[in-house]
Amino acid sequence: MTKPIKVALAGAGAFGIKHLDGIRNIDGVEVVSLVGRRKEPTQEVADKYGIKHVATDLAESLALPEVDAAILCTPTQMHAAQSIQCLQAGKHVQVEIPLADNLKDAQAVVDLQKQTGLVAMVGHTRRFNPSHQYVHQKIRAGEFSIQQMDVQTYFFRRTNTNALGQARSWTDHLLWHHAAHTVDLFAYQAGSPIVQANAIQGPMHPELGIAMDMSIQLKAANGAICTLSLSFNNDGPLGTFFRYIGDTATYIARYDDLFTGKDEKIDVSKVDVSMNGIELQDREFFAAIREGREPNSSVAQVLPCYQVLHDLEQQLNA
């Protein structure tokens, strides 16, 4: 496939804009349709990025014959159904993390992908951040082995707001969204499946109906362990901070930046063609389409993560 890849992007919010910015740097790709819940703000974003077609219904965009692929940056609760909708329409699909908010729906997407043979990928961005890629390369070269990962995922989010502080139409979730990043990354970096998982959670928020604080422990088959703390109550630096404690070094990853255990900055600018994890994620999606191969972070590769999240949810509900 050498002709330009034409894309429909659904979700013109904070993360949709991150993808639009990343795609601007990728040759041979054009966003031809933008889907949003409300026409007016969606049109404003489309005008800014020179996107000619705007819709409030994903089906309208998928019906465009020129569309090859879709990127879904929509509410979590819509991810699985919309992924299936894209595959049924014959379009390759990249869906933002999480693939689903339950195991049954995640499995349904994996099953349909196998039937269609189309590229279906989930935005498990941590696999692509240069900081985590650097550590992954050390592991693959046999120069570093994880003993423990200590991870903090902290936000101040007592209302439904997005990464830009704008009102959201849906409720975020610590387990099915934010823990998914670390559960998948831990198994990916350890190179070993998760065999033990425990979770406890704090009080439920009276209006949002979700736990605002959570603690998770993981153990991989090779003996590596992970401790994950998550909070929507933290009034301080926002984001996820990873401490890799290994047999030869300690690394601290903050999004696309990496430091030693003594907080000395490591240059990761040559790890990949960009320092932007979202752009690198998109590059992998389009490369897999062109090369007719399974992408890193395919729906099949990340399914074990959702099995662990399911098991943790069963524990918490019990």
# chains A, B, ... in the order shown; residues from 1 in each chain; ligands from 1

call {"tool": "select_by_dssp", "arguments": {"residues": "region 4-188 of chain A", "states": "alpha helix (DSSP H)", "output": "MDAnalysis selection string"}}
result
chainID A and resid 14:23 39:49 58:62 79:88 103:116 130:140 180:188

call {"tool": "residues_around", "arguments": {"residues": "Thr248 (chain A)", "least_positions_apart": "4", "cutoff": "8 Å", "atoms": "only C-alpha atoms", "output": "JSON, numbers by chain"}}
result
{"A": [143, 144, 145]}

call {"tool": "residues_around", "arguments": {"residues": "Val54 (chain A)", "least_positions_apart": "2", "cutoff": "8 Å", "atoms": "only C-alpha atoms", "output": "MDAnalysis selection string"}}
result
chainID A and resid 33:36 39 42:43 46 51:52 56

call {"tool": "closest_residue", "arguments": {"among": "A:Tyr49, A:Phe232, A:Phe15, A:Phe128", "to": "Val271 (chain A)", "atoms": "only C-alpha atoms"}}
result
A:Phe128

call {"tool": "residues_around", "arguments": {"residues": "Ala197 (chain A)", "least_positions_apart": "5", "cutoff": "10 Å", "atoms": "only C-alpha atoms", "output": "list in words"}}
result
Val183, Ile216, Gln217, Leu218, Lys219, Ala220, Ile225, Cys226, Val308, Leu309, Asp311, Leu312 and Gln315 of chain A

call {"tool": "atom_distance", "arguments": {"atom1": "CA of Val45 (chain A)", "atom2": "CA of Cys73 (chain A)"}}
result
14.0 Å

call {"tool": "residues_around", "arguments": {"residues": "Asp57 (chain A)", "least_positions_apart": "2", "cutoff": "9 Å", "atoms": "only C-alpha atoms", "output": "list in words"}}
result
Ala10, Val35, Gly36, Arg37, Ala55, Ala59, Glu60 and Ser61 of chain A

call {"tool": "closest_residue", "arguments": {"among": "A:Leu118, A:Pro203, A:Met212, A:Leu112", "to": "Phe156 (chain A)", "atoms": "only C-alpha atoms"}}
result
A:Met212

call {"tool": "closest_residue", "arguments": {"among": "A:Asn276, A:Gln307, A:Gln314, A:Thr74", "to": "Lys104 (chain A)", "atoms": "only C-alpha atoms"}}
result
A:Gln307

call {"tool": "select_by_dssp", "arguments": {"residues": "region 31-210 of chain A", "states": "strand (DSSP E)", "output": "JSON, numbers by chain"}}
result
{"A": [31, 32, 33, 34, 35, 53, 54, 55, 69, 70, 71, 72, 92, 93, 94, 95, 96, 120, 121, 122, 123, 146, 147, 148, 149, 150, 151, 152, 153, 154, 194, 195, 196, 197, 198, 199, 200, 201]}

call {"tool": "atom_distance", "arguments": {"atom1": "CA of Met149 (chain A)", "atom2": "CA of Thr182 (chain A)"}}
result
9.4 Å

call {"tool": "decode", "arguments": {"residues": "region 191-212 of chain A", "atoms": "C-alpha atoms", "output": "PDB file, in the first residue's frame"}}
result
ATOM      1  CA  GLY A 191       8.581 -10.223  29.309  1.00  0.00           C
ATOM      2  CA  SER A 192       6.569 -12.496  31.548  1.00  0.00           C
ATOM      3  CA  PRO A 193       2.830 -12.965  32.161  1.00  0.00           C
ATOM      4  CA  ILE A 194       1.171 -11.712  35.340  1.00  0.00           C
ATOM      5  CA  VAL A 195       0.386 -14.670  37.601  1.00  0.00           C
ATOM      6  CA  GLN A 196      -0.740 -12.903  40.777  1.00  0.00           C
ATOM      7  CA  ALA A 197      -2.752  -9.705  41.248  1.00  0.00           C
ATOM      8  CA  ASN A 198      -4.314  -8.045  44.280  1.00  0.00           C
ATOM      9  CA  ALA A 199      -6.275  -4.820  44.674  1.00  0.00           C
ATOM     10  CA  ILE A 200      -7.918  -2.701  47.347  1.00  0.00           C
ATOM     11  CA  GLN A 201      -9.827   0.525  46.844  1.00  0.00           C
ATOM     12  CA  GLY A 202     -10.877   3.533  48.886  1.00  0.00           C
ATOM     13  CA  PRO A 203     -14.371   4.978  49.426  1.00  0.00           C
ATOM     14  CA  MET A 204     -16.769   5.429  46.517  1.00  0.00           C
ATOM     15  CA  HIS A 205     -17.416   9.001  45.416  1.00  0.00           C
ATOM     16  CA  PRO A 206     -21.063   9.838  46.240  1.00  0.00           C
ATOM     17  CA  GLU A 207     -21.826  11.472  42.847  1.00  0.00           C
ATOM     18  CA  LEU A 208     -19.377   9.824  40.427  1.00  0.00           C
ATOM     19  CA  GLY A 209     -19.975   6.301  41.791  1.00  0.00           C
ATOM     20  CA  ILE A 210     -16.319   5.268  41.412  1.00  0.00           C
ATOM     21  CA  ALA A 211     -13.435   4.665  43.797  1.00  0.00           C
ATOM     22  CA  MET A 212     -11.160   7.709  43.887  1.00  0.00           C
TER      23      MET A 212
END
